[in-house]
file work_6.cif (mmCIF, C-alpha atoms and all ligand atoms)
data_entry
#
loop_
_atom_site.label_atom_id
_atom_site.label_comp_id
_atom_site.auth_asym_id
_atom_site.auth_seq_id
_atom_site.Cartn_x
_atom_site.Cartn_y
_atom_site.Cartn_z
CA MET M 1 -48.67 -10.75 -34.02
CA ASN M 2 -51.25 -9.70 -31.41
CA ARG M 3 -50.34 -7.27 -28.71
CA TYR M 4 -52.87 -8.91 -26.39
CA LYS M 5 -53.09 -12.06 -24.30
CA ILE M 6 -55.33 -13.79 -21.80
CA SER M 7 -54.84 -12.07 -18.42
CA SER M 8 -52.70 -13.93 -15.89
CA ASN M 9 -55.66 -13.53 -13.50
CA ILE M 10 -57.56 -15.97 -15.71
CA SER M 11 -57.30 -19.73 -15.45
CA VAL M 12 -58.44 -21.69 -18.47
CA VAL M 13 -60.25 -24.78 -17.18
CA GLY M 14 -61.43 -26.90 -20.10
CA LYS M 15 -64.20 -24.88 -21.76
CA ARG M 16 -64.37 -22.38 -18.92
CA LEU M 17 -62.40 -19.32 -17.94
CA LEU M 18 -62.11 -18.53 -14.24
CA ASN M 19 -61.13 -15.06 -13.07
CA THR M 20 -59.08 -16.03 -10.00
CA VAL M 21 -59.35 -12.52 -8.56
CA THR M 22 -63.09 -11.81 -8.93
CA GLY M 23 -64.28 -15.42 -8.96
CA GLU M 24 -66.19 -14.78 -12.21
CA LEU M 25 -66.68 -17.88 -14.39
CA TYR M 26 -67.12 -17.67 -18.19
CA GLU M 27 -68.51 -20.54 -20.27
CA LEU M 28 -66.73 -20.53 -23.61
CA THR M 29 -68.70 -21.00 -26.79
CA ALA M 30 -67.02 -22.48 -29.87
CA ALA M 31 -66.23 -18.90 -30.96
CA GLY M 32 -64.68 -18.21 -27.54
CA LEU M 33 -62.52 -21.35 -27.73
CA ASN M 34 -61.36 -20.35 -31.21
CA LEU M 35 -60.52 -16.88 -29.95
CA VAL M 36 -58.42 -18.24 -27.06
CA ALA M 37 -56.58 -20.57 -29.46
CA ALA M 38 -56.02 -17.71 -31.92
CA LEU M 39 -54.71 -15.48 -29.12
CA ASN M 40 -52.21 -18.15 -28.10
CA ARG M 41 -51.02 -18.28 -31.72
CA GLY M 42 -50.85 -14.46 -31.82
CA GLU M 43 -53.49 -14.33 -34.56
CA ALA M 44 -56.74 -13.18 -32.91
CA ASP M 45 -59.03 -10.76 -34.74
CA GLU M 46 -58.80 -7.62 -32.58
CA LYS M 47 -61.85 -6.11 -34.29
CA SER M 48 -64.29 -8.90 -33.47
CA PRO M 49 -67.10 -8.03 -30.99
CA LEU M 50 -66.16 -11.01 -28.79
CA PHE M 51 -62.54 -9.84 -28.60
CA LYS M 52 -63.70 -6.35 -27.62
CA ARG M 53 -66.04 -7.71 -24.95
CA MET M 54 -63.32 -9.89 -23.40
CA LEU M 55 -60.93 -6.93 -23.45
CA ALA M 56 -63.49 -4.71 -21.69
CA GLU M 57 -63.99 -7.38 -19.00
CA GLY M 58 -60.24 -7.74 -18.36
CA VAL M 59 -60.13 -11.33 -19.65
CA ILE M 60 -57.86 -10.18 -22.46
CA VAL M 61 -55.15 -7.63 -21.64
CA ARG M 62 -52.78 -5.56 -23.69
CA VAL M 63 -49.10 -6.34 -23.09
CA ASP M 64 -47.05 -4.23 -25.49
CA GLU M 65 -45.23 -1.06 -24.60
CA ASP M 66 -47.40 2.03 -24.43
CA PRO M 67 -45.32 4.74 -26.15
CA ARG M 68 -46.97 7.47 -24.06
CA LYS M 69 -45.53 6.08 -20.83
CA GLU M 70 -42.02 6.37 -19.44
CA ARG M 71 -39.99 3.31 -18.51
CA PHE M 72 -39.25 2.49 -14.88
CA HIS M 73 -36.03 0.55 -14.51
CA LEU M 74 -35.53 -2.12 -11.86
CA GLN M 75 -32.05 -3.63 -11.51
CA TRP M 76 -32.40 -6.93 -9.72
CA HIS M 77 -29.39 -8.76 -8.32
CA LEU M 78 -30.62 -12.35 -8.11
CA LEU M 79 -27.52 -13.63 -6.32
CA ASN M 80 -24.02 -12.44 -5.55
CA GLY M 81 -22.28 -15.70 -6.44
CA CYS M 82 -19.96 -15.21 -9.40
CA ASN M 83 -17.43 -17.23 -11.36
CA LEU M 84 -15.13 -14.19 -11.70
CA ARG M 85 -13.34 -11.91 -9.23
CA CYS M 86 -13.04 -8.67 -11.20
CA ARG M 87 -10.61 -6.13 -9.73
CA HIS M 88 -13.01 -3.20 -9.89
CA CYS M 89 -16.16 -4.96 -8.67
CA TYR M 90 -18.23 -3.35 -5.92
CA ASP M 91 -19.63 -6.72 -4.89
CA GLU M 92 -18.25 -8.43 -1.77
CA LYS M 93 -19.24 -11.91 -3.13
CA GLN M 94 -19.91 -13.31 0.32
CA GLY M 95 -22.45 -13.46 3.10
CA SER M 96 -25.58 -12.73 1.08
CA SER M 97 -29.01 -14.08 1.97
CA PRO M 98 -30.83 -14.09 -1.36
CA LEU M 99 -34.59 -14.27 -1.76
CA ALA M 100 -36.14 -17.72 -2.08
CA PHE M 101 -37.61 -18.38 -5.54
CA GLU M 102 -41.20 -18.08 -4.23
CA GLN M 103 -40.31 -14.68 -2.77
CA MET M 104 -38.93 -13.65 -6.17
CA LEU M 105 -42.29 -14.44 -7.72
CA THR M 106 -44.01 -12.30 -5.09
CA VAL M 107 -41.56 -9.45 -5.74
CA THR M 108 -42.38 -9.74 -9.46
CA ASP M 109 -46.12 -9.52 -8.75
CA ASN M 110 -45.48 -6.59 -6.50
CA PHE M 111 -43.50 -4.82 -9.25
CA VAL M 112 -46.37 -5.47 -11.68
CA VAL M 113 -48.86 -3.83 -9.29
CA PHE M 114 -46.49 -0.88 -8.91
CA LEU M 115 -46.14 -0.46 -12.68
CA ARG M 116 -49.90 -0.60 -13.14
CA LYS M 117 -50.62 1.95 -10.43
CA THR M 118 -47.86 4.36 -11.40
CA GLU M 119 -48.53 3.91 -15.13
CA PHE M 120 -44.93 3.24 -16.03
CA ASN M 121 -43.76 0.78 -18.66
CA GLY M 122 -41.41 -1.70 -16.99
CA GLU M 123 -37.74 -2.34 -17.67
CA LEU M 124 -36.07 -5.06 -15.64
CA SER M 125 -32.39 -6.04 -15.64
CA LEU M 126 -31.60 -9.41 -14.11
CA THR M 127 -28.06 -9.48 -12.80
CA GLY M 128 -25.83 -10.59 -9.94
CA GLY M 129 -23.18 -11.74 -9.12
CA GLU M 130 -23.44 -13.73 -12.31
CA PRO M 131 -27.06 -14.28 -13.37
CA LEU M 132 -26.17 -17.27 -15.56
CA LEU M 133 -25.32 -19.11 -12.33
CA PHE M 134 -28.89 -18.60 -11.11
CA PRO M 135 -30.40 -22.08 -11.59
CA ARG M 136 -34.01 -20.98 -12.20
CA LEU M 137 -33.29 -18.08 -14.56
CA VAL M 138 -35.44 -19.37 -17.43
CA GLU M 139 -38.33 -20.07 -15.06
CA LEU M 140 -38.11 -16.53 -13.68
CA ILE M 141 -38.00 -15.04 -17.19
CA GLU M 142 -41.10 -17.05 -18.14
CA TYR M 143 -42.90 -15.89 -15.00
CA ILE M 144 -42.02 -12.21 -15.52
CA LYS M 145 -43.11 -12.38 -19.16
CA SER M 146 -46.40 -14.06 -18.22
CA ARG M 147 -47.52 -10.98 -16.24
CA ASP M 148 -50.02 -8.50 -17.63
CA VAL M 149 -47.91 -5.39 -17.99
CA PHE M 150 -45.17 -4.51 -20.41
CA ILE M 151 -41.72 -5.31 -18.99
CA ALA M 152 -38.68 -5.05 -21.25
CA LEU M 153 -36.26 -7.63 -19.93
CA PHE M 154 -32.45 -7.65 -19.91
CA ILE M 155 -29.74 -9.96 -18.60
CA LEU M 156 -26.49 -8.35 -17.46
CA THR M 157 -23.74 -10.95 -17.64
CA ASN M 158 -19.97 -11.32 -17.92
CA GLY M 159 -20.51 -13.55 -20.97
CA THR M 160 -18.07 -16.27 -19.87
CA ILE M 161 -20.71 -18.94 -19.29
CA PRO M 162 -22.29 -20.29 -22.49
CA PHE M 163 -26.00 -19.59 -22.98
CA GLY M 164 -27.68 -23.00 -23.09
CA PRO M 165 -30.42 -23.87 -25.62
CA GLU M 166 -33.24 -23.34 -23.09
CA LEU M 167 -32.03 -19.84 -22.21
CA MET M 168 -31.46 -19.00 -25.89
CA ALA M 169 -35.02 -20.09 -26.67
CA ALA M 170 -36.38 -17.88 -23.86
CA LEU M 171 -34.30 -14.89 -25.05
CA THR M 172 -35.61 -15.21 -28.58
CA LYS M 173 -39.20 -15.93 -27.60
CA HIS M 174 -39.42 -12.96 -25.23
CA ASN M 175 -37.07 -10.55 -26.97
CA VAL M 176 -34.80 -10.39 -23.91
CA GLY M 177 -31.85 -8.02 -24.27
CA VAL M 178 -28.36 -9.05 -23.18
CA GLN M 179 -25.58 -6.87 -21.81
CA ILE M 180 -22.07 -8.32 -21.71
CA SER M 181 -19.27 -6.71 -19.71
CA ILE M 182 -15.99 -6.13 -21.52
CA ASP M 183 -13.58 -3.73 -19.85
CA GLY M 184 -10.64 -3.26 -22.20
CA ASN M 185 -8.67 -4.79 -25.01
CA GLU M 186 -7.69 -8.41 -24.46
CA ALA M 187 -4.66 -7.73 -22.24
CA VAL M 188 -6.36 -5.17 -19.98
CA HIS M 189 -9.68 -7.01 -19.76
CA ASP M 190 -7.89 -10.20 -18.68
CA GLU M 191 -5.86 -8.22 -16.15
CA ILE M 192 -9.15 -6.96 -14.66
CA ARG M 193 -11.31 -10.07 -15.11
CA GLY M 194 -8.85 -12.97 -15.28
CA GLU M 195 -6.88 -14.87 -17.91
CA GLY M 196 -8.78 -16.07 -20.98
CA ASN M 197 -12.00 -14.23 -20.15
CA TYR M 198 -11.79 -11.69 -22.98
CA GLN M 199 -11.91 -14.46 -25.57
CA ARG M 200 -14.71 -16.22 -23.68
CA SER M 201 -16.86 -13.08 -23.55
CA LEU M 202 -16.08 -12.15 -27.16
CA ALA M 203 -17.05 -15.67 -28.28
CA THR M 204 -20.40 -15.24 -26.51
CA VAL M 205 -20.91 -11.83 -28.15
CA LYS M 206 -20.27 -13.42 -31.56
CA SER M 207 -22.45 -16.46 -30.99
CA LEU M 208 -25.36 -14.30 -29.77
CA ILE M 209 -25.06 -12.11 -32.86
CA ALA M 210 -24.99 -15.20 -35.06
CA SER M 211 -28.32 -16.20 -33.45
CA GLY M 212 -29.81 -12.77 -34.10
CA VAL M 213 -29.48 -11.42 -30.53
CA TYR M 214 -27.44 -8.19 -30.56
CA PRO M 215 -25.86 -7.74 -27.13
CA MET M 216 -24.98 -4.37 -25.69
CA VAL M 217 -21.40 -4.28 -24.40
CA HIS M 218 -20.77 -2.57 -21.06
CA TYR M 219 -17.36 -0.97 -20.42
CA VAL M 220 -16.50 0.50 -17.02
CA ILE M 221 -13.94 3.23 -17.53
CA MET M 222 -11.10 3.33 -15.00
CA LYS M 223 -7.45 4.33 -15.04
CA ARG M 224 -6.05 1.06 -16.35
CA ASN M 225 -8.44 0.71 -19.33
CA SER M 226 -8.96 4.34 -20.34
CA VAL M 227 -6.21 4.26 -22.96
CA VAL M 228 -7.23 1.10 -24.84
CA ILE M 229 -10.74 2.08 -25.90
CA GLU M 230 -9.83 2.30 -29.59
CA GLU M 231 -8.37 -1.21 -29.66
CA PHE M 232 -11.44 -2.54 -27.84
CA LEU M 233 -13.67 -0.72 -30.31
CA ALA M 234 -11.89 -2.34 -33.29
CA ASP M 235 -12.76 -5.79 -31.92
CA MET M 236 -16.37 -4.79 -31.23
CA LEU M 237 -16.76 -3.43 -34.76
CA ALA M 238 -15.30 -6.62 -36.21
CA ALA M 239 -17.69 -8.72 -34.11
CA GLY M 240 -20.71 -6.75 -35.35
CA VAL M 241 -21.65 -5.10 -32.02
CA LYS M 242 -24.15 -2.26 -32.45
CA ARG M 243 -24.22 -0.72 -28.99
CA ILE M 244 -21.59 0.02 -26.35
CA ASN M 245 -22.55 1.38 -22.96
CA PHE M 246 -19.75 3.18 -21.12
CA SER M 247 -19.88 3.99 -17.44
CA ASN M 248 -17.43 5.25 -14.85
CA LEU M 249 -15.81 3.38 -12.00
CA VAL M 250 -17.57 3.97 -8.69
CA PRO M 251 -14.93 3.41 -6.01
CA ILE M 252 -16.91 1.29 -3.55
CA GLY M 253 -16.50 -2.14 -1.93
CA PRO M 254 -13.56 -4.23 -3.11
CA GLY M 255 -13.58 -2.10 -6.31
CA ALA M 256 -12.40 0.94 -4.35
CA LYS M 257 -8.81 -0.23 -4.84
CA GLU M 258 -9.04 0.50 -8.57
CA VAL M 259 -8.14 4.02 -9.65
CA ALA M 260 -10.80 6.33 -11.04
CA LEU M 261 -9.98 9.00 -13.62
CA SER M 262 -9.29 12.60 -12.64
CA PRO M 263 -11.87 15.16 -13.85
CA GLU M 264 -9.49 16.19 -16.66
CA GLU M 265 -8.88 12.59 -17.77
CA ASN M 266 -12.58 11.90 -17.60
CA ALA M 267 -13.43 14.83 -19.86
CA THR M 268 -10.69 13.78 -22.30
CA VAL M 269 -12.04 10.21 -22.54
CA ILE M 270 -15.64 11.34 -23.03
CA GLU M 271 -14.60 13.80 -25.73
CA LYS M 272 -12.52 11.09 -27.39
CA VAL M 273 -15.51 8.75 -27.48
CA ALA M 274 -17.52 11.58 -29.09
CA VAL M 275 -14.90 11.77 -31.86
CA LEU M 276 -14.99 7.98 -32.30
CA GLN M 277 -18.78 8.14 -32.50
CA GLN M 278 -18.49 10.57 -35.44
CA LYS M 279 -16.01 8.25 -37.10
CA TYR M 280 -18.11 5.08 -36.59
CA PRO M 281 -21.80 6.09 -36.80
CA GLY M 282 -22.92 2.45 -37.20
CA ILE M 283 -22.22 1.64 -33.55
CA SER M 284 -23.92 3.59 -30.77
CA MET M 285 -21.51 4.53 -27.98
CA LEU M 286 -22.62 7.75 -26.31
CA ALA M 287 -23.67 6.89 -22.76
CA ARG M 288 -26.81 8.43 -21.31
CA ARG M 289 -25.11 9.16 -18.02
CA PRO M 290 -24.02 12.18 -16.00
CA LEU M 291 -21.10 14.11 -17.58
CA TRP M 292 -21.81 12.70 -21.05
CA HIS M 293 -23.24 16.06 -22.10
CA LEU M 294 -19.53 16.66 -22.87
CA ALA M 295 -20.14 14.32 -25.82
CA GLY M 296 -23.51 15.82 -26.71
CA SER M 297 -25.56 13.21 -24.83
CA THR M 298 -27.88 13.70 -21.86
CA GLY M 299 -27.79 11.65 -18.70
CA LEU M 300 -29.69 12.92 -15.71
CA CYS M 301 -29.22 10.38 -12.91
CA PRO M 302 -32.60 8.55 -12.73
CA VAL M 303 -32.47 7.92 -8.95
CA GLY M 304 -35.73 9.04 -7.32
CA LEU M 305 -37.31 9.56 -10.74
CA LYS M 306 -37.58 6.18 -12.47
CA THR M 307 -35.36 3.49 -11.03
CA LEU M 308 -34.82 1.17 -8.07
CA THR M 309 -32.45 -1.68 -7.33
CA ILE M 310 -32.90 -4.88 -5.34
CA ASP M 311 -29.57 -6.23 -4.14
CA ALA M 312 -28.57 -9.87 -3.60
CA ASN M 313 -29.95 -9.70 -0.03
CA GLY M 314 -33.36 -8.61 -1.28
CA MET M 315 -32.84 -5.04 -0.07
CA TYR M 316 -34.10 -2.03 -2.00
CA MET M 317 -31.45 0.52 -2.93
CA PRO M 318 -31.64 3.70 -5.01
CA CYS M 319 -28.92 2.26 -7.29
CA ARG M 320 -26.53 -0.66 -6.76
CA ARG M 321 -23.67 1.81 -6.73
CA LEU M 322 -25.38 3.95 -4.08
CA PRO M 323 -25.41 1.58 -1.09
CA ILE M 324 -28.22 3.13 0.95
CA ILE M 325 -30.84 0.63 2.16
CA LEU M 326 -34.38 1.85 1.46
CA GLY M 327 -36.32 -1.22 2.56
CA ASN M 328 -36.64 -4.99 2.38
CA SER M 329 -38.42 -6.57 -0.60
CA ARG M 330 -39.58 -9.45 1.65
CA THR M 331 -41.77 -7.08 3.63
CA ASP M 332 -41.97 -3.72 1.86
CA THR M 333 -43.82 -3.06 -1.37
CA PHE M 334 -42.34 -1.01 -4.22
CA PHE M 335 -45.18 1.39 -3.60
CA LYS M 336 -44.20 1.93 0.02
CA VAL M 337 -40.50 2.42 -0.72
CA TRP M 338 -41.11 4.66 -3.72
CA PHE M 339 -43.53 6.99 -1.99
CA THR M 340 -42.23 7.09 1.58
CA SER M 341 -38.45 7.20 1.23
CA GLU M 342 -37.12 10.58 2.38
CA PHE M 343 -33.92 9.97 0.45
CA LEU M 344 -35.80 9.46 -2.83
CA GLN M 345 -37.92 12.54 -2.11
CA LYS M 346 -34.77 14.63 -1.67
CA MET M 347 -33.44 13.25 -4.97
CA ARG M 348 -36.65 14.43 -6.65
CA GLU M 349 -35.94 17.92 -5.33
CA ARG M 350 -32.26 17.63 -6.05
CA GLU M 351 -31.85 21.22 -7.25
CA LYS M 352 -32.48 22.21 -3.60
CA TYR M 353 -30.13 19.67 -2.03
CA VAL M 354 -27.33 18.75 -4.42
CA LYS M 355 -24.36 20.94 -3.67
CA VAL M 356 -22.60 22.65 -6.60
CA CYS M 357 -24.02 20.30 -9.29
CA GLY M 358 -27.50 21.65 -8.43
CA LYS M 359 -26.33 25.13 -9.47
CA CYS M 360 -24.57 24.02 -12.64
CA PRO M 361 -26.06 25.21 -15.96
CA LYS M 362 -26.08 21.52 -16.98
CA ALA M 363 -28.11 20.47 -13.89
CA ASP M 364 -31.18 19.51 -15.90
CA ILE M 365 -29.26 17.12 -18.18
CA CYS M 366 -26.57 15.89 -15.78
CA GLY M 367 -26.59 16.73 -12.06
CA GLY M 368 -23.49 14.61 -11.50
CA CYS M 369 -23.22 10.96 -10.53
CA ARG M 370 -24.71 10.71 -7.05
CA ALA M 371 -23.03 7.31 -6.50
CA ILE M 372 -19.53 8.68 -7.11
CA ALA M 373 -20.25 11.65 -4.81
CA HIS M 374 -21.43 9.22 -2.11
CA ALA M 375 -18.45 6.90 -2.62
CA VAL M 376 -15.92 9.73 -2.31
CA TYR M 377 -17.56 12.04 0.26
CA GLY M 378 -20.06 9.75 2.00
CA ASP M 379 -22.78 12.20 0.89
CA ALA M 380 -24.99 11.51 -2.13
CA PHE M 381 -25.76 15.23 -2.36
CA ALA M 382 -22.10 16.29 -2.53
CA VAL M 383 -20.45 17.58 -5.69
CA ASP M 384 -19.52 14.91 -8.26
CA PRO M 385 -15.73 14.75 -7.87
CA SER M 386 -15.27 13.30 -11.35
CA CYS M 387 -16.56 16.46 -13.06
CA LEU M 388 -14.34 19.11 -14.60
CA LEU M 389 -17.08 21.75 -14.63
CA ALA M 390 -17.68 21.47 -10.86
CA SER M 391 -14.66 23.64 -10.00
CA LYS M 392 -16.02 26.34 -12.31
CA VAL M 393 -19.51 26.47 -10.75
CA VAL M 394 -19.82 28.86 -7.81
C1 LIG M 401 -21.64 -6.50 -10.78
S1 LIG M 401 -21.69 -6.94 -12.47
C2 LIG M 401 -22.87 -8.25 -12.46
C3 LIG M 401 -23.11 -8.86 -13.80
C4 LIG M 401 -22.01 -9.69 -14.40
N1 LIG M 401 -21.36 -10.57 -13.49
C5 LIG M 401 -21.01 -8.81 -15.14
O1 LIG M 401 -19.81 -8.91 -14.88
O2 LIG M 401 -21.46 -8.05 -16.00
C6 LIG M 401 -22.61 -5.65 -13.30
C7 LIG M 401 -21.77 -4.54 -13.87
O3 LIG M 401 -21.31 -3.72 -12.81
C8 LIG M 401 -20.03 -3.26 -13.17
N2 LIG M 401 -19.29 -2.86 -11.98
C9 LIG M 401 -18.79 -3.64 -11.01
N3 LIG M 401 -18.14 -2.92 -10.09
C10 LIG M 401 -18.24 -1.63 -10.46
C11 LIG M 401 -17.77 -0.40 -9.91
N4 LIG M 401 -17.07 -0.36 -8.80
N5 LIG M 401 -18.07 0.74 -10.58
C12 LIG M 401 -18.79 0.71 -11.72
N6 LIG M 401 -19.25 -0.42 -12.29
C13 LIG M 401 -18.97 -1.58 -11.66
C14 LIG M 401 -19.42 -4.48 -13.84
O4 LIG M 401 -18.29 -4.13 -14.63
C15 LIG M 401 -20.57 -4.98 -14.66
O5 LIG M 401 -20.58 -4.39 -15.93
#

call {"tool": "encode", "arguments": {"input": "work_6.cif", "output": "structure tokens", "more": "lines below"}}
Ligand SMILES: C[S@@+](CC[C@H](N)C(=O)[O-])C[C@H]1O[C@@H](n2cnc3c(N)ncnc32)[C@H](O)[C@@H]1O
result
Amino acid sequence: MNRYKISSNISVVGKRLLNTVTGELYELTAAGLNLVAALNRGEADEKSPLFKRMLAEGVIVRVDEDPRKERFHLQWHLLNGCNLRCRHCYDEKQGSSPLAFEQMLTVTDNFVVFLRKTEFNGELSLTGGEPLLFPRLVELIEYIKSRDVFIALFILTNGTIPFGPELMAALTKHNVGVQISIDGNEAVHDEIRGEGNYQRSLATVKSLIASGVYPMVHYVIMKRNSVVIEEFLADMLAAGVKRINFSNLVPIGPGAKEVALSPEENATVIEKVAVLQQKYPGISMLARRPLWHLAGSTGLCPVGLKTLTIDANGMYMPCRRLPIILGNSRTDTFFKVWFTSEFLQKMREREKYVKVCGKCPKADICGGCRAIAHAVYGDAFAVDPSCLLASKVV
């Protein structure tokens, strides 16, 4: 399989290639036509002189992940409409003014330019609301994957809406990852997410695995589900899940009514997961998030370093759980937001600004969850109130 393709700046018009940016026109010889056809089949000879010339002229571009570059993660909330009303959810589910589809394409192009200029690999999570309710999801996936830079794509879903054949084909064709939310054993999950939804989500997990797509399961730890992790894990193991991603409740929006763990309870749960990880090495479950150094993992909050969010109103935020508006994707480029935001700049110098956590010996691998600090104290630079170590740092 080739790691190259015809640039999306190029239009193939019969036996000609037009560079729509420079206006350059190339007449294709028989060898050129064969090369284009071979590229489309993923079988072009990368050593041929013609291939090398087209690569040098930007007609052919490389689209695989460059292992020397870091990934930049964009979490994109396409809509806030959802078929569920989960008890812990931060999302208000009303009054959003989402981007029009054409604007989404422009935002994608804008992200591509940003990735090229900053030399990041891209990572893009499409979410909501419920992304499977977004009517043009497949079209958007195709558009994102037709761009000239590497973008690893993920869909974050509740797994209660079946993946249709068109979406399944797009997932397989473009190697799109899927994250499904499950927040407990059957009884607790249904208490949080509504009757019957555990079985619906589990059925989706199983059917994806049967089709060769291994979903990651996301579990938000809160008071009511912190004691059923082992039962949940048994079901995940039986279903063949290979990766679980735990995170902590951020008490914001309607979700603020759910109860977060105390620092002691939090440490106990994380340490318990570390023990379970030893017992079941075939399933990965150590989160790369703040505080997970207690389980031997690292999880420096990526805000200001390699992530941005666009919410369901098209607004840039540092993280969906850190509701600070940094700009409007209708009018502001990624470049502008990334390089001019004072908030992001302070996050890059967090050792100077973050109280207590900045002085912690674990600051370089943790630094606390800035979203939880903001949710509890209204200050993203406050101490992370969910951390046991914080009281010991002076
Ligand atoms: C808002 S949902 C959108 C995608 C999809 N509808 C789903 O349920 O996965 C994305 C993720 O955010 C998590 N989430 C929602 N509210 C949260 C909160 N207050 N704190 C932490 N995570 C939260 C959900 O559990 C879910 O895993």

call {"tool": "residues_around", "arguments": {"input": "work_6.cif", "residues": "M:Ala238", "least_positions_apart": "6", "cutoff": "12 Å", "atoms": "only C-alpha atoms", "output": "ChimeraX atom specification"}}
result
/M:202,205-206,209,231-232,282-283

call {"tool": "residues_near_ligand", "arguments": {"input": "work_6.cif", "ligand": "ligand LIG 401 (chain M)", "cutoff": "6 Å", "atoms": "all atoms listed in the file", "output": "list of chain:residue names"}}
result
M:His88, M:Cys89, M:Tyr90, M:Thr127, M:Gly128, M:Gly129, M:Glu130, M:Leu156, M:Thr157, M:Asn158, M:Ile180, M:Ser181, M:His218, M:Val220, M:Asn248, M:Leu249, M:Val250, M:Pro251, M:Ile252, M:Gly255

call {"tool": "residues_near_point", "arguments": {"input": "work_6.cif", "point": "(-5.4, -1.4, -7.8)", "cutoff": "9 Å", "atoms": "all atoms listed in the file", "output": "PyMOL selection string"}}
result
chain M and resi 87-88+224+255-259

call {"tool": "atom_distance", "arguments": {"input": "work_6.cif", "atom1": "atom CA of M:Asn121", "atom2": "atom CA of M:His77"}}
result
20.1 Å

call {"tool": "closest_atom_pairs", "arguments": {"input": "work_6.cif", "of": "stretch 116-209 of chain M", "to": "stretch 42-64 of chain M", "cutoff": "10 Å", "atoms": "only C-alpha atoms", "output": "Markdown table"}}
result
| residue | atom | partner | partner_atom | distance |
| --- | --- | --- | --- | --- |
| M:Asn121 | CA | M:Asp64 | CA | 9.1 |
| M:Lys145 | CA | M:Val63 | CA | 9.4 |
| M:Ser146 | CA | M:Val63 | CA | 9.5 |
| M:Arg147 | CA | M:Val63 | CA | 8.4 |
| M:Asp148 | CA | M:Val63 | CA | 5.9 |
| M:Val149 | CA | M:Val63 | CA | 5.3 |
| M:Phe150 | CA | M:Val63 | CA | 5.1 |
| M:Ile151 | CA | M:Asp64 | CA | 8.5 |
| M:Ala152 | CA | M:Asp64 | CA | 9.4 |

call {"tool": "closest_residue", "arguments": {"input": "work_6.cif", "among": "M:Ala260, M:Tyr214, M:Thr309, M:Glu265", "to": "M:Val241", "atoms": "only C-alpha atoms"}}
result
M:Tyr214

call {"tool": "closest_residue", "arguments": {"input": "work_6.cif", "among": "M:Val393, M:Ile6, M:Ala382, M:Val337", "to": "M:Val354", "atoms": "all atoms listed in the file"}}
result
M:Ala382

call {"tool": "decode", "arguments": {"input": "work_6.cif", "residues": "stretch 39-50 of chain M", "atoms": "N, CA and C atoms", "output": "PDB file, in the first residue's frame"}}
result
ATOM      1  N   LEU M  39      -1.502   4.808  -8.369  1.00  0.00           N
ATOM      2  CA  LEU M  39      -1.604   5.503  -7.069  1.00  0.00           C
ATOM      3  C   LEU M  39      -2.984   5.284  -6.461  1.00  0.00           C
ATOM      4  N   ASN M  40      -4.012   5.404  -7.288  1.00  0.00           N
ATOM      5  CA  ASN M  40      -5.375   5.219  -6.794  1.00  0.00           C
ATOM      6  C   ASN M  40      -5.609   3.792  -6.302  1.00  0.00           C
ATOM      7  N   ARG M  41      -4.846   2.846  -6.868  1.00  0.00           N
ATOM      8  CA  ARG M  41      -4.971   1.450  -6.385  1.00  0.00           C
ATOM      9  C   ARG M  41      -4.036   1.197  -5.204  1.00  0.00           C
ATOM     10  N   GLY M  42      -3.169   2.183  -4.890  1.00  0.00           N
ATOM     11  CA  GLY M  42      -2.206   2.018  -3.794  1.00  0.00           C
ATOM     12  C   GLY M  42      -1.018   1.176  -4.211  1.00  0.00           C
ATOM     13  N   GLU M  43      -0.712   1.169  -5.528  1.00  0.00           N
ATOM     14  CA  GLU M  43       0.338   0.259  -6.008  1.00  0.00           C
ATOM     15  C   GLU M  43       1.439   0.954  -6.809  1.00  0.00           C
ATOM     16  N   ALA M  44       1.573   2.274  -6.679  1.00  0.00           N
ATOM     17  CA  ALA M  44       2.544   2.973  -7.543  1.00  0.00           C
ATOM     18  C   ALA M  44       3.985   2.645  -7.155  1.00  0.00           C
ATOM     19  N   ASP M  45       4.865   2.668  -8.158  1.00  0.00           N
ATOM     20  CA  ASP M  45       6.277   2.392  -7.917  1.00  0.00           C
ATOM     21  C   ASP M  45       6.942   3.683  -7.403  1.00  0.00           C
ATOM     22  N   GLU M  46       7.244   3.709  -6.093  1.00  0.00           N
ATOM     23  CA  GLU M  46       7.758   4.930  -5.470  1.00  0.00           C
ATOM     24  C   GLU M  46       9.186   5.253  -5.909  1.00  0.00           C
ATOM     25  N   LYS M  47       9.831   4.275  -6.583  1.00  0.00           N
ATOM     26  CA  LYS M  47      11.226   4.505  -6.992  1.00  0.00           C
ATOM     27  C   LYS M  47      11.338   5.038  -8.421  1.00  0.00           C
ATOM     28  N   SER M  48      10.224   5.067  -9.140  1.00  0.00           N
ATOM     29  CA  SER M  48      10.317   5.479 -10.546  1.00  0.00           C
ATOM     30  C   SER M  48      10.642   6.977 -10.641  1.00  0.00           C
ATOM     31  N   PRO M  49      11.415   7.380 -11.684  1.00  0.00           N
ATOM     32  CA  PRO M  49      11.778   8.801 -11.836  1.00  0.00           C
ATOM     33  C   PRO M  49      10.548   9.697 -11.951  1.00  0.00           C
ATOM     34  N   LEU M  50       9.496   9.205 -12.638  1.00  0.00           N
ATOM     35  CA  LEU M  50       8.294  10.028 -12.798  1.00  0.00           C
ATOM     36  C   LEU M  50       7.631  10.274 -11.438  1.00  0.00           C
TER      37      LEU M  50
END
